[in-house]
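Notes follow the structure.
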Protein chains: 2
Amino acid sequence: MPAAFGQGSTEADFAMIKAQLEIQPIEEVQSLKSRTYEALKAAIGTMKIYDAGAELRLDERALSLQFGVSRTPLREALAQLEQEGLVRIAPRRGIFIVRKTKAEILEMITVWAALESMAARLVTEVASDAEIAGLHSLVDIFDSAAIENHMSGYSDANIRFHAAIVALSGCKLIAEITNGLFTHVRAIRQRTIFEKDRARRSIVDHKEIVEALETRNGERAERLVREHTLKLRQHVEQFVQLD
Amino acid sequence: MPAAFGQGSTEADFAMIKAQLEIQPIEEVQSLKSRTYEALKAAIGTMKIYDAGAELRLDERALSLQFGVSRTPLREALAQLEQEGLVRIAPRRGIFIVRKTKAEILEMITVWAALESMAARLVTEVASDAEIAGLHSLVDIFDSAAIENHMSGYSDANIRFHAAIVALSGCKLIAEITNGLFTHVRAIRQRTIFEKDRARRSIVDHKEIVEALETRNGERAERLVREHTLKLRQHVEQFVQLD
DNA sequence: TTTCATTATATGGTATGCCAGAAACCACCG
DNA sequence: CGGTGGTTTCTGGCATACCATATAATGAAA
């Protein structure tokens with residue numbers, strides 16, 4: 001950055017210029033590999049891969065044309081997605097978007113329960129009262145009967161509530177793994193999972209959880225979160241049909 | 001399987017053919033990418049990356065020569081390792097083996113505690129009595145005072161005990177994530193973590209865990225496993241120095 | 001002698017071309 | 001008419017060449 005201003009620039013000049021264009025962070029132009037990775041991940045995420053007859057096969061050359069990059073960075077991105085479990089690369093056979101089985105989904109929810117319950121325990125140990133109090137804003141919104149008409153909004157708020165607990169735990173790794181799981185489950189997040197009745201009971205659960213966190217009752221918070229998520233597990237096991 | 005033998009084939013024909021050439025499995029020649037991935041992962045695993053002055057930078061061309069493959073499959077393998085968090089690829093700067101910070105190690109142990117305690121709970125729900133009884137063989141070995149002289153053996157048996165619980169839970173995903181964590185922690189598994197005193201107390205813990213599993217006491221098994229692993233966490237926090 | 005600018009080089013990023021294997025297609029034969 | 005064997009094509013695997021940037025080396029000026 002200095003070179004651009006020549007040797008005649010003074011501190012004053014610099015300060016002025018700095019005041020003018022402010023933002024320094026510098027646009028980090030990521031590699032084509034990572035940008036392709038993000039783009040592919042997003043594309044797969046918004047794809048309704050569980051619909052019957054959905055096209056699960058990816059064509060390298062076609063994709064490289066669509067993204068406007070060569071096959072090399074594209075393949076590196078695909079290798080990463082394979083590692084992440086989003087696609088499966090069958091040598092000489094093709095590249096396929098992975099459709100999780102119901103059993104795998106249930107395992108994910110189980111892991112989620114384990115991690116988030118641990119997160120809740122951590123929250124009671126490390127979060128400030130103010131931080132915990134902030135959770136109220138994510139729960140109380142739904143006190144009104146507005147639930148009935150805002151199911152889509154509920155779904156998002158629900159996710160934010162759980163994400164908040166994970167965030168307050170301070171454990172980056174739990175957040176990371178949880179996000180990874182969410183990526184997989186996103187495609188299945190059919191609204192049917194969150195029908196009215198569940199929403200109502202869910203809110204009661206959430207209130208209890210917040211209360212346990214506020215009273216720093218780690219054991220109880222952990223148990224409530226676990227049971228709450230395992231309820232979802234049971235619900236999915238019972239009512240969601242895949243495969 | 002039926003179509004291949006046409007309409008004239010009898011049960012006898014099939015049995016004969018099957019008896020003749022037997023072996024079908026076919027040697028699965030993996031791609032260079034995946035083999036390079038495995039090789040690199042193993043190489044990094046056996047590397048003492050936490051020693052001061054350890055060379056953490058990887059040279060693409062040098063590696064491609066050593067492995068005898070071109071840079072393309074090598075880079076795809078590296079992309080996967082990056083996704084897994086074992087290496088960090090700094091664009092135009094270099095490829096570096098990731099050295100986990102102490103805080104990150106502690107987070108891993110925390111996640112481990114969460115997952116294995118959930119696994120223990122699952123074991124009480126799904127494992128057979130026989131399977132649980134099998135755990136005794138992994139614990140009783142150390143009844144004798146042989147511990148004193150077999151610390152290295154203890155370390156392995158310890159790992160196998162915990163792996164067995166995860167396996168008996170039937171949850172593949174927990175096993176998968178746990179293995180991933182183990183890959184990272186392996187390099188730190190300095191024998192100092194497992195000194196005599198800890199070993200003795202550890203065995204007591206293990207016996208209690210087995211007993212809880214045998215009596216199908218899910219709550220207790222979960223708690224014991226969690227506390228056991230959190231003890232390790234505290235121990236590492238207190239005595240292991242990194243960074 | 002030190003410092004800064006310029007140039008050289010090394011290293012990762014990307015594009016492209018060729019190769020091998022798998023699947024689809026087709027023709028020939030029973 | 002069906003099935004089998006061969007041929008073509010399509011697609012992913014791999015190697016290589018080139019490009020861009022970061023860093024090291026070098027030299028000139030203060």
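Here's how to read the names in the structure tokens: chain A, B, ... by the order shown, residue numbers from 1 in each chain, ligand numbers from 1 in the order shown.
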Do you have, as JSON lines, the list of residues of region 65-146 of chain A lying at most 12 Å from region 7-18 of chain C, each with its nearest atom pair and that distance in Å to one decimal, counting only C-alpha atoms (C1' of nucleotides) and ordered by chain then number?
```
{"residue": "A:Gly68", "atom": "CA", "partner": "C:DA15", "partner_atom": "C1'", "distance": 11.5}
{"residue": "A:Val69", "atom": "CA", "partner": "C:DT14", "partner_atom": "C1'", "distance": 8.5}
{"residue": "A:Ser70", "atom": "CA", "partner": "C:DA15", "partner_atom": "C1'", "distance": 6.0}
{"residue": "A:Arg71", "atom": "CA", "partner": "C:DA15", "partner_atom": "C1'", "distance": 8.1}
{"residue": "A:Thr72", "atom": "CA", "partner": "C:DT14", "partner_atom": "C1'", "distance": 6.9}
{"residue": "A:Pro73", "atom": "CA", "partner": "C:DT14", "partner_atom": "C1'", "distance": 7.2}
{"residue": "A:Leu74", "atom": "CA", "partner": "C:DT14", "partner_atom": "C1'", "distance": 10.3}
{"residue": "A:Arg75", "atom": "CA", "partner": "C:DT14", "partner_atom": "C1'", "distance": 11.7}
{"residue": "A:Glu76", "atom": "CA", "partner": "C:DG13", "partner_atom": "C1'", "distance": 11.3}
```
Now that the selection is made, can you save its residues with C-alpha atoms as a PDB file, in the first residue's frame?
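Output saved as selection.pdb:
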```
ATOM      1  CA  GLY A  68     -16.509 -20.806 -16.338  1.00  0.00           C
ATOM      2  CA  VAL A  69     -13.521 -22.535 -14.821  1.00  0.00           C
ATOM      3  CA  SER A  70     -11.427 -25.401 -15.987  1.00  0.00           C
ATOM      4  CA  ARG A  71     -11.873 -28.900 -14.706  1.00  0.00           C
ATOM      5  CA  THR A  72      -8.868 -28.737 -12.420  1.00  0.00           C
ATOM      6  CA  PRO A  73     -10.150 -26.368  -9.722  1.00  0.00           C
ATOM      7  CA  LEU A  74     -13.579 -27.875 -10.186  1.00  0.00           C
ATOM      8  CA  ARG A  75     -12.261 -31.331  -9.449  1.00  0.00           C
ATOM      9  CA  GLU A  76     -10.433 -30.081  -6.388  1.00  0.00           C
TER      10      GLU A  76
END
```
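Contact shell of region 7-17 of chain D at 8 Å (only C-alpha atoms (C1' of nucleotides); same-chain neighbours under 4 positions omitted): Asp59, Glu60, Pro91, Arg92, Arg93 and Gly94 of chain A; Ser31, Ser70, Thr72 and Pro73 of chain B; DA24 and DC25 of chain C.
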Output the selection as an mmCIF file, in the first residue's frame - C-alpha atoms (C1' of nucleotides) for each residue.
```
data_model
loop_
_atom_site.group_PDB
_atom_site.id
_atom_site.type_symbol
_atom_site.label_atom_id
_atom_site.label_comp_id
_atom_site.auth_asym_id
_atom_site.auth_seq_id
_atom_site.Cartn_x
_atom_site.Cartn_y
_atom_site.Cartn_z
ATOM 1 C CA ASP A 59 -21.015 -33.764 -15.205
ATOM 2 C CA GLU A 60 -17.534 -32.366 -14.782
ATOM 3 C CA PRO A 91 -14.041 -43.709 -10.385
ATOM 4 C CA ARG A 92 -14.743 -43.848 -14.095
ATOM 5 C CA ARG A 93 -18.406 -44.039 -13.305
ATOM 6 C CA GLY A 94 -19.549 -40.594 -12.430
ATOM 7 C CA SER B 31 -7.378 -44.025 -7.686
ATOM 8 C CA SER B 70 1.762 -35.905 -10.831
ATOM 9 C CA THR B 72 -2.937 -33.176 -10.061
ATOM 10 C CA PRO B 73 -3.990 -36.169 -7.931
ATOM 11 C "C1'" DA C 24 -24.289 -47.446 -24.589
ATOM 12 C "C1'" DC C 25 -25.071 -48.741 -29.074
#
```
Within 10 Å of Glu211 (chain A) using only C-alpha atoms (C1' of nucleotides), minus same-chain residues under 4 positions, as a JSON list (two decimals) with C-alpha atoms, in the first residue's frame:
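For reference, around-v1.json as written:
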```
[["chain", "number", "residue", "atom", "x", "y", "z"],
["A", 132, "ILE", "CA", -28.21, -16.10, 28.25],
["A", 133, "ALA", "CA", -30.85, -13.44, 28.73],
["A", 136, "HIS", "CA", -35.38, -14.78, 25.40],
["A", 205, "ASP", "CA", -39.27, -26.98, 25.55],
["A", 206, "HIS", "CA", -37.28, -23.94, 24.58],
["A", 207, "LYS", "CA", -38.59, -21.97, 27.52],
["A", 215, "THR", "CA", -30.40, -20.97, 36.77],
["A", 216, "ARG", "CA", -27.06, -22.45, 35.73],
["A", 217, "ASN", "CA", -28.44, -25.92, 36.04],
["A", 220, "ARG", "CA", -30.93, -30.15, 33.60],
["A", 221, "ALA", "CA", -30.06, -28.00, 30.61]]
```
Using only C-alpha atoms, tabulate the residues of chain B lying at most 6 Å from any atom of chain A, each with its closest atom pair and that distance in Å to one decimal, by chain and increasing residue number, as a Markdown table.
```
| residue | atom | partner | partner_atom | distance |
| --- | --- | --- | --- | --- |
| B:Glu76 | CA | A:Glu76 | CA | 5.0 |
| B:Ala79 | CA | A:Gln80 | CA | 5.9 |
| B:Gln80 | CA | A:Gln80 | CA | 4.9 |
| B:Gln83 | CA | A:Gln80 | CA | 5.8 |
| B:Ala114 | CA | A:Ala114 | CA | 5.4 |
| B:Leu115 | CA | A:Ala114 | CA | 5.8 |
| B:Met118 | CA | A:Ala114 | CA | 5.8 |
```
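One finds CA of Met47 (chain B) at 18.1 Å from CA of Lys102 (chain B).
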Sel. of helix (DSSP H, G or I) residues, region 75-196 of chain B, as an mmCIF file with N, CA and C atoms, in the first residue's frame:
```cif
data_model
loop_
_atom_site.group_PDB
_atom_site.id
_atom_site.type_symbol
_atom_site.label_atom_id
_atom_site.label_comp_id
_atom_site.auth_asym_id
_atom_site.auth_seq_id
_atom_site.Cartn_x
_atom_site.Cartn_y
_atom_site.Cartn_z
ATOM 1 N N ARG B 75 -2.679 -32.791 -5.514
ATOM 2 C CA ARG B 75 -3.398 -31.596 -5.070
ATOM 3 C C ARG B 75 -4.834 -31.923 -4.678
ATOM 4 N N GLU B 76 -5.423 -32.873 -5.371
ATOM 5 C CA GLU B 76 -6.782 -33.271 -4.990
ATOM 6 C C GLU B 76 -6.773 -33.907 -3.603
ATOM 7 N N ALA B 77 -5.744 -34.694 -3.349
ATOM 8 C CA ALA B 77 -5.620 -35.293 -2.020
ATOM 9 C C ALA B 77 -5.405 -34.210 -0.967
ATOM 10 N N LEU B 78 -4.587 -33.236 -1.308
ATOM 11 C CA LEU B 78 -4.327 -32.139 -0.370
ATOM 12 C C LEU B 78 -5.604 -31.350 -0.104
ATOM 13 N N ALA B 79 -6.393 -31.174 -1.136
ATOM 14 C CA ALA B 79 -7.661 -30.451 -0.967
ATOM 15 C C ALA B 79 -8.544 -31.185 0.033
ATOM 16 N N GLN B 80 -8.508 -32.496 -0.036
ATOM 17 C CA GLN B 80 -9.316 -33.270 0.915
ATOM 18 C C GLN B 80 -8.766 -33.149 2.330
ATOM 19 N N LEU B 81 -7.451 -33.210 2.436
ATOM 20 C CA LEU B 81 -6.835 -33.074 3.758
ATOM 21 C C LEU B 81 -7.115 -31.691 4.334
ATOM 22 N N GLU B 82 -7.171 -30.702 3.457
ATOM 23 C CA GLU B 82 -7.489 -29.354 3.923
ATOM 24 C C GLU B 82 -8.911 -29.332 4.481
ATOM 25 N N GLN B 83 -9.809 -29.963 3.749
ATOM 26 C CA GLN B 83 -11.202 -30.025 4.187
ATOM 27 C C GLN B 83 -11.308 -30.704 5.543
ATOM 28 N N GLU B 84 -10.447 -31.685 5.737
ATOM 29 C CA GLU B 84 -10.461 -32.442 6.983
ATOM 30 C C GLU B 84 -9.745 -31.684 8.100
ATOM 31 N N LYS B 102 -3.734 -25.699 21.838
ATOM 32 C CA LYS B 102 -4.204 -26.394 23.028
ATOM 33 C C LYS B 102 -5.717 -26.236 23.174
ATOM 34 N N ALA B 103 -6.185 -25.034 22.907
ATOM 35 C CA ALA B 103 -7.628 -24.793 23.006
ATOM 36 C C ALA B 103 -8.398 -25.711 22.071
ATOM 37 N N GLU B 104 -7.864 -25.916 20.888
ATOM 38 C CA GLU B 104 -8.548 -26.777 19.923
ATOM 39 C C GLU B 104 -8.533 -28.227 20.382
ATOM 40 N N ILE B 105 -7.411 -28.641 20.970
ATOM 41 C CA ILE B 105 -7.323 -29.997 21.495
ATOM 42 C C ILE B 105 -8.381 -30.192 22.579
ATOM 43 N N LEU B 106 -8.494 -29.212 23.442
ATOM 44 C CA LEU B 106 -9.474 -29.314 24.526
ATOM 45 C C LEU B 106 -10.888 -29.398 23.968
ATOM 46 N N GLU B 107 -11.139 -28.638 22.910
ATOM 47 C CA GLU B 107 -12.466 -28.714 22.291
ATOM 48 C C GLU B 107 -12.717 -30.098 21.725
ATOM 49 N N MET B 108 -11.683 -30.672 21.153
ATOM 50 C CA MET B 108 -11.852 -32.015 20.596
ATOM 51 C C MET B 108 -12.204 -33.013 21.690
ATOM 52 N N ILE B 109 -11.541 -32.898 22.800
ATOM 53 C CA ILE B 109 -11.837 -33.819 23.895
ATOM 54 C C ILE B 109 -13.254 -33.590 24.401
ATOM 55 N N THR B 110 -13.672 -32.344 24.403
ATOM 56 C CA THR B 110 -15.038 -32.030 24.820
ATOM 57 C C THR B 110 -16.050 -32.693 23.887
ATOM 58 N N VAL B 111 -15.808 -32.554 22.616
ATOM 59 C CA VAL B 111 -16.703 -33.184 21.640
ATOM 60 C C VAL B 111 -16.676 -34.698 21.815
ATOM 61 N N TRP B 112 -15.491 -35.184 22.046
ATOM 62 C CA TRP B 112 -15.358 -36.616 22.265
ATOM 63 C C TRP B 112 -16.223 -37.067 23.444
ATOM 64 N N ALA B 113 -16.147 -36.309 24.505
ATOM 65 C CA ALA B 113 -16.941 -36.628 25.690
ATOM 66 C C ALA B 113 -18.425 -36.667 25.350
ATOM 67 N N ALA B 114 -18.848 -35.681 24.585
ATOM 68 C CA ALA B 114 -20.262 -35.610 24.214
ATOM 69 C C ALA B 114 -20.671 -36.824 23.392
ATOM 70 N N LEU B 115 -19.839 -37.165 22.432
ATOM 71 C CA LEU B 115 -20.196 -38.250 21.527
ATOM 72 C C LEU B 115 -20.111 -39.616 22.192
ATOM 73 N N GLU B 116 -19.056 -39.817 22.944
ATOM 74 C CA GLU B 116 -18.907 -41.145 23.538
ATOM 75 C C GLU B 116 -19.928 -41.371 24.646
ATOM 76 N N SER B 117 -20.296 -40.316 25.344
ATOM 77 C CA SER B 117 -21.315 -40.500 26.371
ATOM 78 C C SER B 117 -22.659 -40.834 25.720
ATOM 79 N N MET B 118 -22.920 -40.219 24.589
ATOM 80 C CA MET B 118 -24.138 -40.582 23.859
ATOM 81 C C MET B 118 -24.036 -42.018 23.377
ATOM 82 N N ALA B 119 -22.856 -42.397 22.939
ATOM 83 C CA ALA B 119 -22.646 -43.772 22.482
ATOM 84 C C ALA B 119 -22.947 -44.747 23.612
ATOM 85 N N ALA B 120 -22.490 -44.422 24.796
ATOM 86 C CA ALA B 120 -22.717 -45.304 25.944
ATOM 87 C C ALA B 120 -24.216 -45.471 26.196
ATOM 88 N N ARG B 121 -24.919 -44.358 26.092
ATOM 89 C CA ARG B 121 -26.368 -44.419 26.258
ATOM 90 C C ARG B 121 -26.978 -45.350 25.227
ATOM 91 N N LEU B 122 -26.526 -45.226 24.013
ATOM 92 C CA LEU B 122 -27.058 -46.064 22.943
ATOM 93 C C LEU B 122 -26.743 -47.532 23.190
ATOM 94 N N VAL B 123 -25.559 -47.785 23.702
ATOM 95 C CA VAL B 123 -25.168 -49.169 23.971
ATOM 96 C C VAL B 123 -26.188 -49.827 24.902
ATOM 97 N N THR B 124 -26.614 -49.095 25.916
ATOM 98 C CA THR B 124 -27.572 -49.682 26.863
ATOM 99 C C THR B 124 -28.914 -49.961 26.205
ATOM 100 N N GLU B 125 -29.130 -49.338 25.046
ATOM 101 C CA GLU B 125 -30.413 -49.515 24.371
ATOM 102 C C GLU B 125 -30.384 -50.572 23.274
ATOM 103 N N VAL B 126 -29.238 -50.696 22.622
ATOM 104 C CA VAL B 126 -29.226 -51.552 21.432
ATOM 105 C C VAL B 126 -28.292 -52.761 21.489
ATOM 106 N N ASP B 129 -26.477 -58.467 25.469
ATOM 107 C CA ASP B 129 -25.738 -58.767 26.699
ATOM 108 C C ASP B 129 -24.362 -59.329 26.371
ATOM 109 N N ALA B 130 -24.336 -60.182 25.375
ATOM 110 C CA ALA B 130 -23.068 -60.805 24.991
ATOM 111 C C ALA B 130 -22.055 -59.757 24.553
ATOM 112 N N GLU B 131 -22.522 -58.829 23.770
ATOM 113 C CA GLU B 131 -21.617 -57.781 23.282
ATOM 114 C C GLU B 131 -21.041 -56.969 24.435
ATOM 115 N N ILE B 132 -21.921 -56.598 25.353
ATOM 116 C CA ILE B 132 -21.460 -55.824 26.496
ATOM 117 C C ILE B 132 -20.491 -56.631 27.342
ATOM 118 N N ALA B 133 -20.813 -57.914 27.500
ATOM 119 C CA ALA B 133 -19.934 -58.771 28.294
ATOM 120 C C ALA B 133 -18.538 -58.813 27.694
ATOM 121 N N HIS B 136 -15.507 -56.828 29.031
ATOM 122 C CA HIS B 136 -14.705 -57.251 30.178
ATOM 123 C C HIS B 136 -13.288 -57.598 29.761
ATOM 124 N N SER B 137 -13.179 -58.218 28.598
ATOM 125 C CA SER B 137 -11.855 -58.650 28.151
ATOM 126 C C SER B 137 -10.922 -57.463 27.928
ATOM 127 N N LEU B 138 -11.514 -56.303 27.732
ATOM 128 C CA LEU B 138 -10.682 -55.125 27.491
ATOM 129 C C LEU B 138 -10.353 -54.384 28.779
ATOM 130 N N VAL B 139 -10.964 -54.833 29.863
ATOM 131 C CA VAL B 139 -10.743 -54.142 31.128
ATOM 132 C C VAL B 139 -10.004 -55.021 32.125
ATOM 133 N N ASP B 140 -10.452 -56.283 32.201
ATOM 134 C CA ASP B 140 -9.928 -57.172 33.237
ATOM 135 C C ASP B 140 -8.454 -57.498 33.072
ATOM 136 N N ILE B 141 -7.984 -57.354 31.860
ATOM 137 C CA ILE B 141 -6.566 -57.619 31.610
ATOM 138 C C ILE B 141 -5.680 -56.907 32.608
ATOM 139 N N PHE B 142 -6.116 -55.747 32.993
ATOM 140 C CA PHE B 142 -5.258 -54.895 33.790
ATOM 141 C C PHE B 142 -5.475 -55.044 35.288
ATOM 142 N N ASP B 143 -6.189 -56.092 35.658
ATOM 143 C CA ASP B 143 -6.387 -56.320 37.075
ATOM 144 C C ASP B 143 -5.048 -56.525 37.771
ATOM 145 N N ALA B 145 -1.058 -56.339 38.546
ATOM 146 C CA ALA B 145 -0.209 -55.170 38.725
ATOM 147 C C ALA B 145 0.653 -54.945 37.491
ATOM 148 N N ALA B 146 0.332 -55.685 36.460
ATOM 149 C CA ALA B 146 1.119 -55.605 35.235
ATOM 150 C C ALA B 146 1.111 -54.195 34.646
ATOM 151 N N ILE B 147 0.182 -53.434 35.133
ATOM 152 C CA ILE B 147 0.088 -52.067 34.625
ATOM 153 C C ILE B 147 1.423 -51.356 34.687
ATOM 154 N N GLU B 148 2.057 -51.542 35.816
ATOM 155 C CA GLU B 148 3.298 -50.827 36.077
ATOM 156 C C GLU B 148 4.266 -50.899 34.895
ATOM 157 N N ASN B 149 4.330 -52.078 34.308
ATOM 158 C CA ASN B 149 5.338 -52.271 33.269
ATOM 159 C C ASN B 149 4.811 -52.200 31.843
ATOM 160 N N MET B 151 2.799 -49.746 30.272
ATOM 161 C CA MET B 151 2.112 -48.494 29.989
ATOM 162 C C MET B 151 1.775 -48.342 28.504
ATOM 163 N N SER B 152 2.688 -48.736 27.669
ATOM 164 C CA SER B 152 2.428 -48.589 26.249
ATOM 165 C C SER B 152 1.239 -49.473 25.863
ATOM 166 N N GLY B 153 1.241 -50.674 26.369
ATOM 167 C CA GLY B 153 0.131 -51.576 26.095
ATOM 168 C C GLY B 153 -1.160 -51.016 26.651
ATOM 169 N N TYR B 154 -1.070 -50.397 27.792
ATOM 170 C CA TYR B 154 -2.268 -49.821 28.395
ATOM 171 C C TYR B 154 -2.891 -48.784 27.477
ATOM 172 N N SER B 155 -2.039 -47.939 26.947
ATOM 173 C CA SER B 155 -2.529 -46.878 26.074
ATOM 174 C C SER B 155 -3.370 -47.440 24.929
ATOM 175 N N ASP B 156 -2.858 -48.491 24.324
ATOM 176 C CA ASP B 156 -3.597 -49.108 23.219
ATOM 177 C C ASP B 156 -4.912 -49.710 23.696
ATOM 178 N N ALA B 157 -4.842 -50.453 24.803
ATOM 179 C CA ALA B 157 -6.040 -51.110 25.320
ATOM 180 C C ALA B 157 -7.083 -50.070 25.717
ATOM 181 N N ASN B 158 -6.607 -48.984 26.254
ATOM 182 C CA ASN B 158 -7.485 -47.887 26.625
ATOM 183 C C ASN B 158 -8.258 -47.397 25.401
ATOM 184 N N ILE B 159 -7.513 -47.180 24.345
ATOM 185 C CA ILE B 159 -8.138 -46.715 23.117
ATOM 186 C C ILE B 159 -9.134 -47.740 22.600
ATOM 187 N N ARG B 160 -8.758 -49.011 22.678
ATOM 188 C CA ARG B 160 -9.650 -50.051 22.173
ATOM 189 C C ARG B 160 -10.940 -50.124 22.984
ATOM 190 N N PHE B 161 -10.818 -49.889 24.282
ATOM 191 C CA PHE B 161 -12.014 -49.907 25.127
ATOM 192 C C PHE B 161 -13.001 -48.846 24.671
ATOM 193 N N HIS B 162 -12.485 -47.650 24.495
ATOM 194 C CA HIS B 162 -13.376 -46.565 24.087
ATOM 195 C C HIS B 162 -13.915 -46.795 22.684
ATOM 196 N N ALA B 163 -13.068 -47.313 21.810
ATOM 197 C CA ALA B 163 -13.519 -47.606 20.454
ATOM 198 C C ALA B 163 -14.621 -48.660 20.480
ATOM 199 N N ALA B 164 -14.502 -49.615 21.404
ATOM 200 C CA ALA B 164 -15.496 -50.690 21.500
ATOM 201 C C ALA B 164 -16.858 -50.138 21.886
ATOM 202 N N ILE B 165 -16.872 -49.211 22.810
ATOM 203 C CA ILE B 165 -18.141 -48.608 23.210
ATOM 204 C C ILE B 165 -18.790 -47.908 22.033
ATOM 205 N N VAL B 166 -17.988 -47.151 21.324
ATOM 206 C CA VAL B 166 -18.509 -46.451 20.146
ATOM 207 C C VAL B 166 -19.044 -47.452 19.128
ATOM 208 N N ALA B 167 -18.303 -48.531 18.942
ATOM 209 C CA ALA B 167 -18.726 -49.534 17.963
ATOM 210 C C ALA B 167 -20.048 -50.182 18.380
ATOM 211 N N LEU B 168 -20.161 -50.512 19.648
ATOM 212 C CA LEU B 168 -21.369 -51.185 20.125
ATOM 213 C C LEU B 168 -22.602 -50.283 20.076
ATOM 214 N N SER B 169 -22.368 -48.990 20.019
ATOM 215 C CA SER B 169 -23.510 -48.075 19.956
ATOM 216 C C SER B 169 -24.237 -48.222 18.625
ATOM 217 N N LYS B 172 -22.728 -45.260 13.251
ATOM 218 C CA LYS B 172 -21.568 -45.131 12.377
ATOM 219 C C LYS B 172 -21.003 -43.718 12.403
ATOM 220 N N LEU B 173 -21.901 -42.772 12.470
ATOM 221 C CA LEU B 173 -21.468 -41.384 12.404
ATOM 222 C C LEU B 173 -20.616 -41.010 13.616
ATOM 223 N N ILE B 174 -21.012 -41.477 14.772
ATOM 224 C CA ILE B 174 -20.211 -41.210 15.962
ATOM 225 C C ILE B 174 -18.829 -41.820 15.793
ATOM 226 N N ALA B 175 -18.803 -43.031 15.257
ATOM 227 C CA ALA B 175 -17.518 -43.692 15.024
ATOM 228 C C ALA B 175 -16.668 -42.876 14.056
ATOM 229 N N GLU B 176 -17.312 -42.403 13.036
ATOM 230 C CA GLU B 176 -16.599 -41.652 12.009
ATOM 231 C C GLU B 176 -15.990 -40.371 12.575
ATOM 232 N N ILE B 177 -16.806 -39.606 13.257
ATOM 233 C CA ILE B 177 -16.328 -38.340 13.803
ATOM 234 C C ILE B 177 -15.244 -38.586 14.846
ATOM 235 N N THR B 178 -15.481 -39.574 15.683
ATOM 236 C CA THR B 178 -14.510 -39.901 16.717
ATOM 237 C C THR B 178 -13.163 -40.280 16.104
ATOM 238 N N ASN B 179 -13.213 -41.067 15.048
ATOM 239 C CA ASN B 179 -11.973 -41.420 14.363
ATOM 240 C C ASN B 179 -11.265 -40.187 13.834
ATOM 241 N N GLY B 180 -12.051 -39.296 13.281
ATOM 242 C CA GLY B 180 -11.478 -38.064 12.773
ATOM 243 C C GLY B 180 -10.764 -37.289 13.862
ATOM 244 N N LEU B 181 -11.393 -37.193 15.011
ATOM 245 C CA LEU B 181 -10.778 -36.485 16.128
ATOM 246 C C LEU B 181 -9.493 -37.178 16.537
ATOM 247 N N PHE B 182 -9.567 -38.480 16.557
ATOM 248 C CA PHE B 182 -8.410 -39.246 16.985
ATOM 249 C C PHE B 182 -7.209 -38.995 16.084
ATOM 250 N N THR B 183 -7.490 -38.856 14.799
ATOM 251 C CA THR B 183 -6.421 -38.567 13.846
ATOM 252 C C THR B 183 -5.662 -37.312 14.255
ATOM 253 N N HIS B 184 -6.404 -36.323 14.692
ATOM 254 C CA HIS B 184 -5.772 -35.068 15.073
ATOM 255 C C HIS B 184 -4.989 -35.180 16.369
ATOM 256 N N VAL B 185 -5.576 -35.897 17.309
ATOM 257 C CA VAL B 185 -4.980 -35.942 18.640
ATOM 258 C C VAL B 185 -3.793 -36.895 18.695
ATOM 259 N N ARG B 186 -3.766 -37.808 17.739
ATOM 260 C CA ARG B 186 -2.745 -38.847 17.750
ATOM 261 C C ARG B 186 -1.339 -38.284 17.969
ATOM 262 N N ARG B 191 3.056 -40.114 25.656
ATOM 263 C CA ARG B 191 2.806 -41.112 26.688
ATOM 264 C C ARG B 191 2.599 -40.467 28.058
ATOM 265 N N THR B 192 3.071 -39.267 28.205
ATOM 266 C CA THR B 192 2.952 -38.597 29.495
ATOM 267 C C THR B 192 1.512 -38.427 29.920
ATOM 268 N N ILE B 193 0.620 -38.429 28.943
ATOM 269 C CA ILE B 193 -0.786 -38.256 29.303
ATOM 270 C C ILE B 193 -1.271 -39.448 30.112
ATOM 271 N N PHE B 194 -0.656 -40.573 29.827
ATOM 272 C CA PHE B 194 -1.159 -41.787 30.452
ATOM 273 C C PHE B 194 -0.188 -42.330 31.503
ATOM 274 N N LYS B 196 1.110 -43.632 35.276
ATOM 275 C CA LYS B 196 0.587 -44.697 36.140
ATOM 276 C C LYS B 196 -0.669 -44.331 36.917
#
```
If we count only C-alpha atoms (C1' of nucleotides), what is near DT2 (chain C) at a cut-off of 12 Å, once residues fewer than 6 positions away on the same chain are taken out, given as a compact mmCIF listing (two decimals) with N, CA and C atoms (P, O5', C5', C4', C3', O3' and C1' of nucleotides), in the first residue's frame?
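File written: result10.txt
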```
# COMPACT_ATOMS: atom_id res chain seq x y z
P DA D 28 24.51 -1.89 -10.04
O5' DA D 28 23.83 -0.46 -9.91
C5' DA D 28 22.42 -0.34 -10.08
C4' DA D 28 21.83 0.61 -9.04
C3' DA D 28 22.68 1.85 -8.74
O3' DA D 28 21.85 2.98 -8.68
C1' DA D 28 22.19 0.73 -6.73
P DA D 29 22.44 4.42 -9.05
O5' DA D 29 21.85 5.33 -7.89
C5' DA D 29 20.49 5.15 -7.51
C4' DA D 29 20.32 5.43 -6.01
C3' DA D 29 21.05 6.69 -5.52
O3' DA D 29 20.18 7.42 -4.68
C1' DA D 29 21.63 4.85 -4.18
P DA D 30 20.42 8.99 -4.45
O5' DA D 30 20.34 9.12 -2.87
C5' DA D 30 19.29 8.45 -2.19
C4' DA D 30 19.71 8.14 -0.76
C3' DA D 30 20.40 9.30 -0.04
O3' DA D 30 19.87 9.42 1.27
C1' DA D 30 21.75 7.38 0.10
```
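Rounded to one decimal, CA of Leu58 (chain A) and C1' of DA22 (chain C) lie 16.2 Å from each other.
Between CA of Ala187 (chain B) and CA of Phe96 (chain B) the interatomic distance comes to 15.5 Å.
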